[in-house]
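The next block is work30.txt, given as compact mmCIF, C-alpha atoms.
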```txt
# COMPACT_ATOMS: atom_id res chain seq x y z
CA MET A 1 17.63 -48.98 70.56
CA ILE A 2 18.61 -46.71 67.68
CA ALA A 3 14.97 -46.18 66.76
CA GLU A 4 14.25 -45.22 70.35
CA GLY A 5 16.75 -42.39 69.94
CA LYS A 6 19.16 -43.74 72.52
CA ALA A 7 22.70 -42.37 72.51
CA LEU A 8 24.89 -45.37 71.80
CA LEU A 9 28.52 -46.41 71.39
CA LEU A 10 28.71 -49.30 68.98
CA ALA A 11 31.42 -51.78 68.12
CA GLY A 12 31.12 -54.24 65.27
CA SER A 13 32.46 -55.22 61.90
CA GLU A 14 32.22 -52.67 59.09
CA GLU A 15 29.58 -54.80 57.44
CA ALA A 16 27.46 -54.98 60.58
CA LEU A 17 27.72 -51.27 61.39
CA SER A 18 27.00 -50.19 57.83
CA GLN A 19 23.63 -51.93 57.99
CA LEU A 20 22.41 -49.91 60.93
CA SER A 21 19.94 -47.05 60.54
CA THR A 22 21.10 -43.57 61.33
CA GLY A 23 20.66 -42.17 64.79
CA ASN A 24 22.37 -40.92 67.89
CA TRP A 25 25.33 -43.23 67.77
CA ILE A 26 29.00 -43.47 67.07
CA GLY A 27 30.72 -46.65 66.09
CA GLY A 28 34.08 -48.23 65.47
CA THR A 29 34.97 -51.34 63.55
CA ILE A 30 36.08 -54.33 65.59
CA PRO A 31 34.70 -57.89 65.66
CA TYR A 32 36.16 -58.89 69.02
CA PHE A 33 34.20 -58.48 72.24
CA MET A 34 33.89 -59.57 75.83
CA ASP A 35 30.27 -60.42 76.41
CA GLU A 36 28.27 -62.55 78.83
CA ASP A 37 29.49 -65.70 77.06
CA GLY A 38 33.14 -64.69 77.34
CA ALA A 39 35.52 -63.25 74.78
CA VAL A 40 34.29 -63.81 71.26
CA CYS A 41 35.06 -62.92 67.67
CA CYS A 42 31.92 -62.36 65.63
CA GLU A 43 31.52 -60.30 62.46
CA SER A 44 27.72 -60.25 62.58
CA LYS A 45 27.18 -58.92 66.09
CA VAL A 46 27.27 -55.34 67.32
CA PHE A 47 28.21 -54.51 70.89
CA ALA A 48 26.24 -51.56 72.24
CA THR A 49 27.02 -49.35 75.21
CA GLU A 50 24.40 -46.84 76.27
CA LEU A 51 25.22 -43.55 77.89
CA PRO A 52 24.85 -43.78 81.67
CA GLU A 53 21.30 -43.08 82.79
CA CYS A 54 22.28 -39.86 84.53
CA ALA A 55 24.20 -38.55 81.51
CA SER A 56 22.79 -36.17 78.92
CA PHE A 57 23.81 -36.32 75.29
CA ALA A 58 25.90 -33.22 74.60
CA GLY A 59 26.87 -33.64 70.98
CA LEU A 60 28.36 -35.95 68.42
CA ARG A 61 31.26 -34.70 66.37
CA GLU A 62 33.83 -35.81 63.87
CA TYR A 63 37.41 -34.92 64.66
CA PRO A 64 39.68 -34.50 61.68
CA LEU A 65 43.32 -33.90 62.50
CA GLU A 66 43.07 -30.15 62.87
CA ALA A 67 40.09 -30.33 65.25
CA LEU A 68 41.42 -33.11 67.49
CA PRO A 69 43.24 -30.81 69.95
CA ASN A 70 39.86 -29.30 70.81
CA ILE A 71 38.31 -32.54 71.97
CA CYS A 72 38.56 -31.71 75.66
CA THR A 73 37.56 -28.07 75.32
CA ASP A 74 34.52 -29.18 73.28
CA ALA A 75 33.49 -31.40 76.18
CA PRO A 76 31.09 -30.27 78.90
CA GLU A 77 32.77 -28.97 82.03
CA ASN A 78 31.41 -31.93 83.98
CA GLY A 79 30.92 -34.91 81.78
CA VAL A 80 32.67 -37.54 79.77
CA SER A 81 33.65 -37.78 76.13
CA TYR A 82 33.74 -41.04 74.22
CA LEU A 83 36.29 -41.12 71.41
CA ILE A 84 36.94 -43.73 68.75
CA LEU A 85 39.97 -43.48 66.46
CA PRO A 86 40.77 -45.65 63.42
CA ALA A 87 43.92 -47.71 63.97
CA GLY A 88 46.86 -46.58 61.90
CA SER A 89 45.33 -43.23 61.00
CA ALA A 90 46.95 -39.85 61.40
CA VAL A 91 44.38 -38.95 64.09
CA HIS A 92 45.29 -42.10 66.00
CA ALA A 93 48.97 -41.19 65.92
CA ALA A 94 48.30 -37.55 66.75
CA TYR A 95 46.08 -38.30 69.72
CA ALA A 96 48.55 -40.80 71.10
CA ALA A 97 51.47 -38.39 70.87
CA ASP A 98 49.80 -35.07 71.62
CA ALA A 99 46.83 -35.63 73.96
CA PRO A 100 48.86 -34.81 77.09
CA GLU A 101 49.35 -31.33 75.61
CA TYR A 102 45.66 -30.70 74.84
CA ALA A 103 43.85 -28.00 76.78
CA GLU A 104 41.75 -29.52 79.56
CA PHE A 105 43.56 -32.88 79.25
CA LEU A 106 42.75 -34.90 82.39
CA SER A 107 40.33 -32.16 83.54
CA ARG A 108 37.67 -33.39 81.10
CA PRO A 109 37.80 -37.14 80.81
CA VAL A 110 38.08 -38.87 77.45
CA VAL A 111 37.42 -42.60 77.25
CA GLY A 112 37.33 -44.77 74.21
CA TRP A 113 39.17 -47.05 71.90
CA VAL A 114 40.97 -47.61 68.65
CA SER A 115 38.98 -49.37 65.96
CA GLY A 116 40.42 -52.31 64.06
CA VAL A 117 39.56 -55.26 61.85
CA HIS A 118 39.47 -59.03 62.00
CA LEU A 119 43.11 -60.05 62.31
CA SER A 120 42.87 -62.17 59.18
CA LYS A 121 41.95 -59.02 57.24
CA LEU A 122 44.88 -56.86 58.34
CA GLY A 123 46.11 -54.99 55.31
CA ALA A 124 43.08 -55.97 53.26
CA GLN A 125 40.50 -54.02 55.23
CA SER A 126 41.02 -50.70 56.96
CA PRO A 127 39.76 -49.76 60.41
CA LYS A 128 36.95 -47.23 60.41
CA VAL A 129 34.76 -45.10 62.62
CA PHE A 130 31.09 -44.43 61.97
CA ASN A 131 29.13 -41.25 62.39
CA GLY A 132 25.72 -42.59 63.32
CA LYS A 133 24.00 -39.30 62.41
CA THR A 134 25.01 -39.68 58.77
CA GLY A 135 25.71 -43.39 58.64
CA LYS A 136 29.04 -42.62 57.00
CA ALA A 137 32.25 -44.43 57.74
CA SER A 138 35.71 -42.89 57.73
CA GLY A 139 39.24 -44.13 58.19
CA ASP A 140 40.63 -40.63 58.59
CA VAL A 141 38.77 -38.93 61.42
CA GLY A 142 38.05 -39.58 65.05
CA ILE A 143 34.44 -39.69 66.14
CA ALA A 144 33.32 -38.51 69.56
CA MET A 145 30.19 -38.33 71.62
CA HIS A 146 30.15 -35.82 74.44
CA ALA A 147 27.95 -36.33 77.46
CA SER A 148 27.27 -34.05 80.40
CA LEU A 149 26.71 -35.19 83.96
CA PRO A 150 24.77 -33.58 86.79
CA GLU A 151 26.72 -31.74 89.47
CA ASN A 152 26.49 -34.61 91.90
CA LYS A 153 28.18 -37.10 89.55
CA LEU A 154 31.75 -37.43 88.36
CA ALA A 155 33.20 -39.54 85.56
CA VAL A 156 36.28 -41.39 86.77
CA LEU A 157 38.54 -43.53 84.60
CA ASP A 158 40.48 -46.47 85.91
CA ILE A 159 42.61 -49.20 84.38
CA VAL A 160 43.37 -52.84 84.98
CA ASN A 161 46.91 -53.66 83.90
CA VAL A 162 48.27 -57.14 84.58
CA PHE A 163 51.81 -55.99 83.89
CA LYS A 164 54.27 -54.74 86.44
CA PRO A 165 57.73 -53.45 85.58
CA GLY A 166 60.22 -56.28 85.40
CA LYS A 167 63.58 -56.39 87.09
CA GLY A 168 65.47 -55.71 83.87
CA ASP A 169 67.18 -52.67 82.43
CA THR A 170 65.86 -49.14 82.63
CA ILE A 171 65.21 -47.80 79.17
CA THR A 172 64.74 -44.19 78.15
CA PHE A 173 64.14 -42.58 74.80
CA PRO A 174 65.38 -39.19 73.57
CA SER A 175 62.26 -38.43 71.57
CA ALA A 176 58.57 -39.26 71.49
CA GLY A 177 57.14 -41.55 68.90
CA PHE A 178 55.64 -44.81 67.76
CA THR A 179 59.04 -45.86 66.44
CA ALA A 180 62.21 -46.08 68.47
CA SER A 181 65.76 -46.37 67.27
CA ASP A 182 67.99 -44.57 69.73
CA CYS A 183 67.56 -45.24 73.38
CA GLU A 184 69.58 -45.36 76.57
CA ILE A 185 69.89 -48.58 78.48
CA ASN A 186 70.73 -47.79 82.10
CA GLY A 187 72.05 -44.46 80.88
CA GLN A 188 74.17 -45.87 78.06
CA PRO A 189 73.30 -45.07 74.43
CA ARG A 190 72.26 -48.04 72.36
CA ASN A 191 70.08 -48.96 69.42
CA PHE A 192 66.75 -50.19 70.75
CA ALA A 193 66.15 -52.82 68.05
CA GLU A 194 69.60 -54.25 68.58
CA TYR A 195 69.01 -54.30 72.34
CA VAL A 196 65.64 -56.06 72.02
CA ALA A 197 67.04 -58.68 69.64
CA THR A 198 70.27 -59.28 71.51
CA THR A 199 68.59 -59.66 74.88
CA ARG A 200 65.85 -61.84 73.32
CA GLN A 201 63.01 -59.90 74.89
CA ASP A 202 59.65 -61.64 74.91
CA LEU A 203 57.69 -59.36 72.61
CA LYS A 204 54.40 -60.30 74.28
CA LEU A 205 55.58 -58.23 77.19
CA PRO A 206 55.10 -54.48 76.79
CA LEU A 207 57.35 -51.67 77.86
CA THR A 208 55.97 -50.48 81.17
CA ALA A 209 56.26 -47.07 82.77
CA ASN A 210 55.42 -46.33 86.37
CA TYR A 211 53.18 -43.27 86.50
CA ASN A 212 53.27 -42.67 90.26
CA GLY A 213 51.99 -46.17 90.88
CA SER A 214 49.77 -46.59 87.81
CA ILE A 215 51.51 -48.71 85.21
CA VAL A 216 51.21 -47.57 81.60
CA ASN A 217 52.19 -49.87 78.72
CA ALA A 218 53.64 -49.38 75.27
CA SER A 219 53.39 -52.66 73.36
CA ILE A 220 55.89 -53.86 70.80
CA GLN A 221 54.56 -54.20 67.27
CA SER A 222 57.70 -55.22 65.37
CA VAL A 223 61.46 -55.24 65.53
CA ASP A 224 63.48 -54.43 62.41
CA GLU A 225 67.04 -55.38 63.22
CA VAL A 226 68.26 -54.51 59.73
CA ASN A 227 67.16 -50.89 59.95
CA GLY A 228 67.47 -50.69 63.73
CA VAL A 229 63.86 -49.66 64.33
CA VAL A 230 61.26 -50.90 66.77
CA LYS A 231 57.62 -50.10 66.06
CA LEU A 232 55.24 -49.71 68.98
CA TYR A 233 51.48 -49.66 69.38
CA ALA A 234 51.67 -46.59 71.64
CA PRO A 235 54.31 -43.88 71.68
CA VAL A 236 57.17 -43.71 74.11
CA PHE A 237 57.96 -40.33 75.62
CA PRO A 238 61.21 -38.66 76.67
CA GLY A 239 61.63 -38.19 80.38
CA VAL A 240 59.88 -41.47 81.15
CA GLU A 241 61.73 -44.53 82.43
CA TYR A 242 60.60 -47.80 80.92
CA LYS A 243 61.20 -51.43 81.79
CA PHE A 244 59.94 -54.47 79.99
CA GLY A 245 57.04 -55.98 81.90
CA ALA A 246 57.69 -58.85 84.27
CA PRO A 247 56.87 -62.24 82.69
CA LEU A 248 53.52 -63.78 83.54
CA ALA A 249 53.38 -67.48 84.37
CA ASP A 250 49.65 -67.45 83.65
CA TYR A 251 48.56 -64.47 81.54
CA LEU A 252 44.84 -65.23 81.58
CA GLY A 253 44.94 -66.14 85.26
CA ALA A 254 46.71 -62.87 86.04
CA MET A 255 44.04 -60.91 84.17
CA GLN A 256 41.23 -62.76 85.89
CA GLN A 257 42.86 -62.19 89.25
CA ALA A 258 43.40 -58.51 88.53
CA VAL A 259 39.74 -57.92 87.66
CA GLU A 260 38.56 -59.63 90.85
CA THR A 261 39.32 -56.44 92.73
CA HIS A 262 37.25 -54.43 90.24
CA THR A 263 33.77 -55.57 91.15
CA GLU A 264 32.04 -52.22 90.67
CA THR A 265 29.94 -52.18 87.50
CA ALA A 266 31.56 -49.92 84.95
CA ALA A 267 29.60 -47.61 82.65
CA PHE A 268 31.98 -48.62 79.86
CA SER A 269 34.87 -51.04 79.48
CA CYS A 270 37.21 -52.13 76.79
CA ASN A 271 40.15 -54.50 76.57
CA CYS A 272 43.06 -54.97 74.20
CA ILE A 273 43.36 -57.36 71.26
CA LEU A 274 46.87 -58.20 72.45
CA ASN A 275 45.43 -59.44 75.75
CA TYR A 276 42.87 -61.46 73.77
CA LEU A 277 45.60 -63.08 71.69
CA HIS A 278 48.39 -63.56 74.20
CA ALA A 279 46.15 -64.66 77.07
CA GLY A 280 44.06 -66.98 74.90
CA MET A 281 40.91 -65.17 75.94
CA GLU A 282 38.52 -66.68 73.41
CA GLY A 283 35.57 -68.18 75.26
CA LYS A 284 36.95 -67.04 78.61
CA HIS A 285 35.61 -64.42 81.00
CA THR A 286 37.40 -61.57 82.68
CA GLY A 287 35.17 -61.26 85.70
CA SER A 288 31.95 -59.54 84.75
CA ILE A 289 33.68 -57.06 82.46
CA THR A 290 32.10 -56.73 79.02
CA GLY A 291 32.97 -54.49 76.11
CA PRO A 292 34.88 -54.32 72.85
CA ILE A 293 38.37 -55.81 72.53
CA THR A 294 40.23 -53.19 70.62
CA PHE A 295 43.37 -52.08 68.83
CA GLY A 296 44.14 -49.56 71.56
CA GLU A 297 42.37 -48.22 74.61
CA ILE A 298 41.81 -44.62 75.64
CA ALA A 299 41.68 -43.53 79.27
CA HIS A 300 42.60 -39.88 78.88
CA GLN A 301 45.57 -41.00 76.80
CA LEU A 302 46.22 -43.96 74.56
CA LEU A 303 47.03 -47.21 76.33
CA ASN A 304 48.00 -50.74 75.28
CA GLN A 305 47.33 -54.19 76.73
CA THR A 306 45.09 -52.62 79.34
CA ILE A 307 41.48 -52.89 80.45
CA VAL A 308 39.91 -49.44 80.68
CA GLN A 309 36.89 -48.79 82.86
CA LEU A 310 34.66 -45.75 83.16
CA TYR A 311 32.84 -45.26 86.45
CA ILE A 312 30.23 -42.65 87.27
CA ARG A 313 30.75 -41.76 90.91
CA ASP A 314 28.31 -40.08 93.28
CA LEU A 315 29.64 -36.93 94.87
CA ASP A 316 26.88 -36.64 97.47
CA MET B 1 40.07 -29.78 101.46
CA VAL B 2 42.02 -28.72 98.40
CA PRO B 3 44.84 -26.30 99.22
CA ALA B 4 44.40 -22.85 97.71
CA LEU B 5 46.00 -22.23 94.32
CA GLY B 6 48.62 -20.03 95.97
CA SER B 7 49.77 -22.75 98.36
CA PRO B 8 53.42 -23.72 97.83
CA VAL B 9 52.43 -27.39 97.87
CA TRP B 10 51.34 -27.19 94.24
CA LYS B 11 54.78 -26.16 92.99
CA LYS B 12 56.30 -28.90 95.11
CA LEU B 13 53.93 -31.46 93.62
CA VAL B 14 54.72 -30.40 90.08
CA ASN B 15 58.49 -30.17 90.51
CA GLY B 16 58.57 -33.50 92.33
CA GLU B 17 59.70 -32.15 95.67
CA LYS B 18 56.44 -33.41 97.18
CA GLN B 19 55.54 -37.02 96.58
CA ILE B 20 52.18 -38.57 97.36
CA GLN B 21 50.91 -42.11 97.07
CA SER B 22 47.79 -42.66 95.01
CA THR B 23 45.85 -45.45 93.39
CA ASN B 24 43.78 -42.89 91.49
CA PHE B 25 44.57 -43.12 87.79
CA VAL B 26 43.89 -39.49 86.86
CA ILE B 27 45.93 -38.22 89.79
CA ASN B 28 48.83 -40.49 88.87
CA MET B 29 48.66 -39.41 85.23
CA LEU B 30 48.51 -35.77 86.29
CA LEU B 31 51.50 -36.00 88.62
CA THR B 32 53.69 -37.86 86.15
CA ASN B 33 52.77 -35.81 83.09
CA SER B 34 53.17 -32.55 85.04
CA ARG B 35 56.62 -33.53 86.27
CA ILE B 36 57.75 -34.60 82.82
CA ARG B 37 56.48 -31.39 81.27
CA TYR B 38 58.07 -29.30 84.05
CA LYS B 39 61.44 -30.96 83.46
CA LEU B 40 61.23 -30.26 79.74
CA GLU B 41 59.73 -26.76 80.09
CA PRO B 42 60.29 -25.23 83.54
CA ALA B 43 58.76 -21.96 82.32
CA LYS B 44 55.39 -23.71 82.26
CA LEU B 45 55.37 -24.17 86.04
CA ASP B 46 52.50 -21.75 86.71
CA GLU B 47 50.36 -23.34 84.00
CA LEU B 48 51.09 -26.81 85.38
CA VAL B 49 50.29 -25.70 88.92
CA LYS B 50 46.96 -24.25 87.78
CA HIS B 51 46.13 -27.48 85.97
CA ALA B 52 47.03 -29.63 88.97
CA HIS B 53 44.87 -27.48 91.24
CA GLU B 54 42.00 -27.76 88.77
CA VAL B 55 42.14 -31.55 88.52
CA PHE B 56 42.49 -32.03 92.28
CA SER B 57 39.57 -29.64 92.85
CA LYS B 58 37.37 -31.51 90.41
CA HIS B 59 38.11 -34.82 92.12
CA GLU B 60 38.07 -33.40 95.64
CA LYS B 61 35.33 -35.65 96.94
CA THR B 62 36.99 -38.84 95.69
CA ILE B 63 40.61 -38.28 96.74
CA ALA B 64 40.57 -37.93 100.52
CA SER B 65 43.80 -39.89 100.96
CA GLU B 66 45.66 -37.79 98.42
CA LEU B 67 44.43 -34.52 99.92
CA ALA B 68 45.46 -35.66 103.38
CA GLN B 69 48.98 -36.21 102.08
CA LEU B 70 49.10 -32.71 100.62
CA GLY B 71 48.54 -31.28 104.01
CA SER B 72 51.29 -33.30 105.64
```

I'd like the structure from this file rewritten - as structure tokens, please.
Amino acid sequence: MIAEGKALLLAGSEEALSQLSTGNWIGGTIPYFMDEDGAVCCESKVFATELPECASFAGLREYPLEALPNICTDAPENGVSYLILPAGSAVHAAYAADAPEYAEFLSRPVVGWVSGVHLSKLGAQSPKVFNGKTGKASGDVGIAMHASLPENKLAVLDIVNVFKPGKGDTITFPSAGFTASDCEINGQPRNFAEYVATTRQDLKLPLTANYNGSIVNASIQSVDEVNGVVKLYAPVFPGVEYKFGAPLADYLGAMQQAVETHTETAAFSCNCILNYLHAGMEGKHTGSITGPITFGEIAHQLLNQTIVQLYIRDLD
Amino acid sequence: MVPALGSPVWKKLVNGEKQIQSTNFVINMLLTNSRIRYKLEPAKLDELVKHAHEVFSKHEKTIASELAQLGS
């Protein structure tokens, strides 16, 4: 496929991606995938997504921190941009926190994911993105492929989120960030770590925010009661009301049920490593959805514990 | 049909006075992010209105239900 000059989005281990010849591709490290055989972890395979047939390659570009705010303005007026960010990098943090402020945010769709590593190699190996034109890997920049679409097509992003807001407390935060100390619980100031520990929250359940009916998650990474800090996999924002997600009696079943209503074939999909772990996805299918299982998902903005789907819709 | 940029419905959408139901992810993100930004920076209202009009216009052919609610 690379030799044919196809424009590709690739997901695989660093070792697998580094063996590929150069070409019109971008890649991100991750050895977890949903494929036809179900969810799998494999360090030797590479998952490839081609650009939609109607799409035209419109450029491949690295995004260091200072260039990242231009990602949407660099995109074609009618198209879609695929972005991969290395987990834990400054560009990952910046995109998560700042994307809603970028020019053309939501007007020019950005879809993608956060690269990672095999969970047994956390700390030992660092997540990377690959620039297929040069074959070089980086843990510091984002990598994007822009694609344009004809006038009669529109890229539309959708999500599948098994979580709904629970019946518990309403939580707000005074400032944006991946870490949270101060918060308000039902309007009363409190330390968030102390609240999470005292109320014995199930940390498999994310914070959920209701965006006019679409539910957006921020997943809990760790709780440091000593220092009173909770780390998250996506930032929380001021002005947003959060609730912990309602418990799921059957996490995998809930995911499989949720995807049943999404029967349209997506041009690209990805899922979250937290769903893979907590739902026991290995060897299991989520409908006919295939794609990388990642350390964060991008559907315009960064998401957690969510399936992201890109559709190319006819406007005729 | 998308209301003209000058229609008062856009300000009402952004400031939360007008609520619409949607299952469209980009529309829901737009409405929520616009309202949060308006609350934090009311001076950005015109910019937020322009952005909302732009996104609705781009998605015009896929958001019939949402557009119908704008008119009501």

One-decimal distance in Å that lies between atom CA of Ser81 of chain A and atom CA of Asn152 of chain A: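 Atom-to-atom, atom CA of Asn152 of chain A to atom CA of Ser81 of chain A, that is 17.6 Å.
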
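Using all atoms listed in the file, the residues found no farther than 9 Å from segment 62-64 of chain B, other than those of its own chain fewer than 5 positions away, are A:Arg313, A:Leu315, B:Met1, B:Ser22, B:Asn24, B:Ile27, B:Phe56, B:Gln69.
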
Write the residues of the preceding selection, restricted to C-alpha atoms, as a CSV table (one decimal), in the frame of the given file.
```
chain,number,residue,atom,x,y,z
A,313,ARG,CA,30.8,-41.8,90.9
A,315,LEU,CA,29.6,-36.9,94.9
B,1,MET,CA,40.1,-29.8,101.5
B,22,SER,CA,47.8,-42.7,95.0
B,24,ASN,CA,43.8,-42.9,91.5
B,27,ILE,CA,45.9,-38.2,89.8
B,56,PHE,CA,42.5,-32.0,92.3
B,69,GLN,CA,49.0,-36.2,102.1
```

Please provide the set of residues having any atom within 12 Å of Glu66 of chain A, restricted to only C-alpha atoms, with same-chain residues fewer than 5 positions apart removed, written as a ChimeraX atom specification. /A:71,90-91,94-95,140-142

At most 8 Å to chain B: residues in chain A, only C-alpha atoms, as a VMD selection string: chain A and resid 100 106 to 107 154 156 to 159 211 to 214 239 to 240 315

Straight-line distance linking atom CA of Val9 of chain B with atom CA of Tyr102 of chain A, stated in Å to one decimal: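 Between these atoms lies a distance of 24.2 Å.
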
What separation in Å, quoted to one decimal, exists between atom CA of Pro247 of chain A and atom CA of Leu277 of chain A? 15.8 Å

Pick out the residues sitting within 10 Å of Ala7 of chain A, and hand them over as a compact mmCIF listing (two decimals) with C-alpha atoms, in the frame of the given file; count only C-alpha atoms, and ignore anything fewer than 5 positions along from it in its own chain.
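Generated file (selection.txt):
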```txt
# COMPACT_ATOMS: atom_id res chain seq x y z
CA MET A 1 17.63 -48.98 70.56
CA ILE A 2 18.61 -46.71 67.68
CA GLY A 23 20.66 -42.17 64.79
CA ASN A 24 22.37 -40.92 67.89
CA TRP A 25 25.33 -43.23 67.77
CA ILE A 26 29.00 -43.47 67.07
CA ALA A 48 26.24 -51.56 72.24
CA THR A 49 27.02 -49.35 75.21
CA GLU A 50 24.40 -46.84 76.27
CA LEU A 51 25.22 -43.55 77.89
CA PRO A 52 24.85 -43.78 81.67
CA ALA A 55 24.20 -38.55 81.51
CA SER A 56 22.79 -36.17 78.92
CA PHE A 57 23.81 -36.32 75.29
CA ALA A 58 25.90 -33.22 74.60
CA GLY A 59 26.87 -33.64 70.98
CA LEU A 60 28.36 -35.95 68.42
CA GLY A 132 25.72 -42.59 63.32
CA MET A 145 30.19 -38.33 71.62
CA ALA A 147 27.95 -36.33 77.46
```

Quick one: segment 116-132 of chain A with N, CA and C atoms, as an mmCIF file, keeping the file's coordinate frame?
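Result file result.cif:
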```
data_model
loop_
_atom_site.group_PDB
_atom_site.id
_atom_site.type_symbol
_atom_site.label_atom_id
_atom_site.label_comp_id
_atom_site.auth_asym_id
_atom_site.auth_seq_id
_atom_site.Cartn_x
_atom_site.Cartn_y
_atom_site.Cartn_z
ATOM 1 N N GLY A 116 39.553 -51.395 64.792
ATOM 2 C CA GLY A 116 40.420 -52.310 64.060
ATOM 3 C C GLY A 116 39.641 -53.161 63.092
ATOM 4 N N VAL A 117 40.188 -54.320 62.784
ATOM 5 C CA VAL A 117 39.560 -55.260 61.850
ATOM 6 C C VAL A 117 39.822 -56.671 62.359
ATOM 7 N N HIS A 118 39.156 -57.636 61.733
ATOM 8 C CA HIS A 118 39.470 -59.030 62.000
ATOM 9 C C HIS A 118 40.937 -59.242 61.640
ATOM 10 N N LEU A 119 41.669 -59.911 62.504
ATOM 11 C CA LEU A 119 43.110 -60.050 62.310
ATOM 12 C C LEU A 119 43.469 -60.708 60.978
ATOM 13 N N SER A 120 42.587 -61.528 60.462
ATOM 14 C CA SER A 120 42.870 -62.170 59.180
ATOM 15 C C SER A 120 42.728 -61.186 58.014
ATOM 16 N N LYS A 121 42.183 -60.008 58.301
ATOM 17 C CA LYS A 121 41.950 -59.020 57.240
ATOM 18 C C LYS A 121 42.892 -57.826 57.352
ATOM 19 N N LEU A 122 43.902 -57.941 58.215
ATOM 20 C CA LEU A 122 44.880 -56.860 58.340
ATOM 21 C C LEU A 122 45.512 -56.600 56.988
ATOM 22 N N GLY A 123 45.539 -55.341 56.611
ATOM 23 C CA GLY A 123 46.110 -54.990 55.310
ATOM 24 C C GLY A 123 45.096 -55.009 54.191
ATOM 25 N N ALA A 124 44.103 -55.869 54.313
ATOM 26 C CA ALA A 124 43.080 -55.970 53.260
ATOM 27 C C ALA A 124 41.911 -55.043 53.550
ATOM 28 N N GLN A 125 41.608 -54.888 54.823
ATOM 29 C CA GLN A 125 40.500 -54.020 55.230
ATOM 30 C C GLN A 125 41.078 -52.931 56.126
ATOM 31 N N SER A 126 40.478 -51.762 56.107
ATOM 32 C CA SER A 126 41.020 -50.700 56.960
ATOM 33 C C SER A 126 40.058 -50.388 58.100
ATOM 34 N N PRO A 127 40.598 -50.119 59.266
ATOM 35 C CA PRO A 127 39.760 -49.760 60.410
ATOM 36 C C PRO A 127 38.985 -48.474 60.139
ATOM 37 N N LYS A 128 37.780 -48.406 60.663
ATOM 38 C CA LYS A 128 36.950 -47.230 60.410
ATOM 39 C C LYS A 128 36.199 -46.817 61.668
ATOM 40 N N VAL A 129 35.716 -45.565 61.628
ATOM 41 C CA VAL A 129 34.760 -45.100 62.620
ATOM 42 C C VAL A 129 33.489 -44.713 61.873
ATOM 43 N N PHE A 130 32.382 -44.762 62.589
ATOM 44 C CA PHE A 130 31.090 -44.430 61.970
ATOM 45 C C PHE A 130 30.453 -43.244 62.689
ATOM 46 N N ASN A 131 29.956 -42.339 61.884
ATOM 47 C CA ASN A 131 29.130 -41.250 62.390
ATOM 48 C C ASN A 131 27.681 -41.706 62.249
ATOM 49 N N GLY A 132 27.073 -42.043 63.368
ATOM 50 C CA GLY A 132 25.720 -42.590 63.320
ATOM 51 C C GLY A 132 24.688 -41.603 62.795
#
```
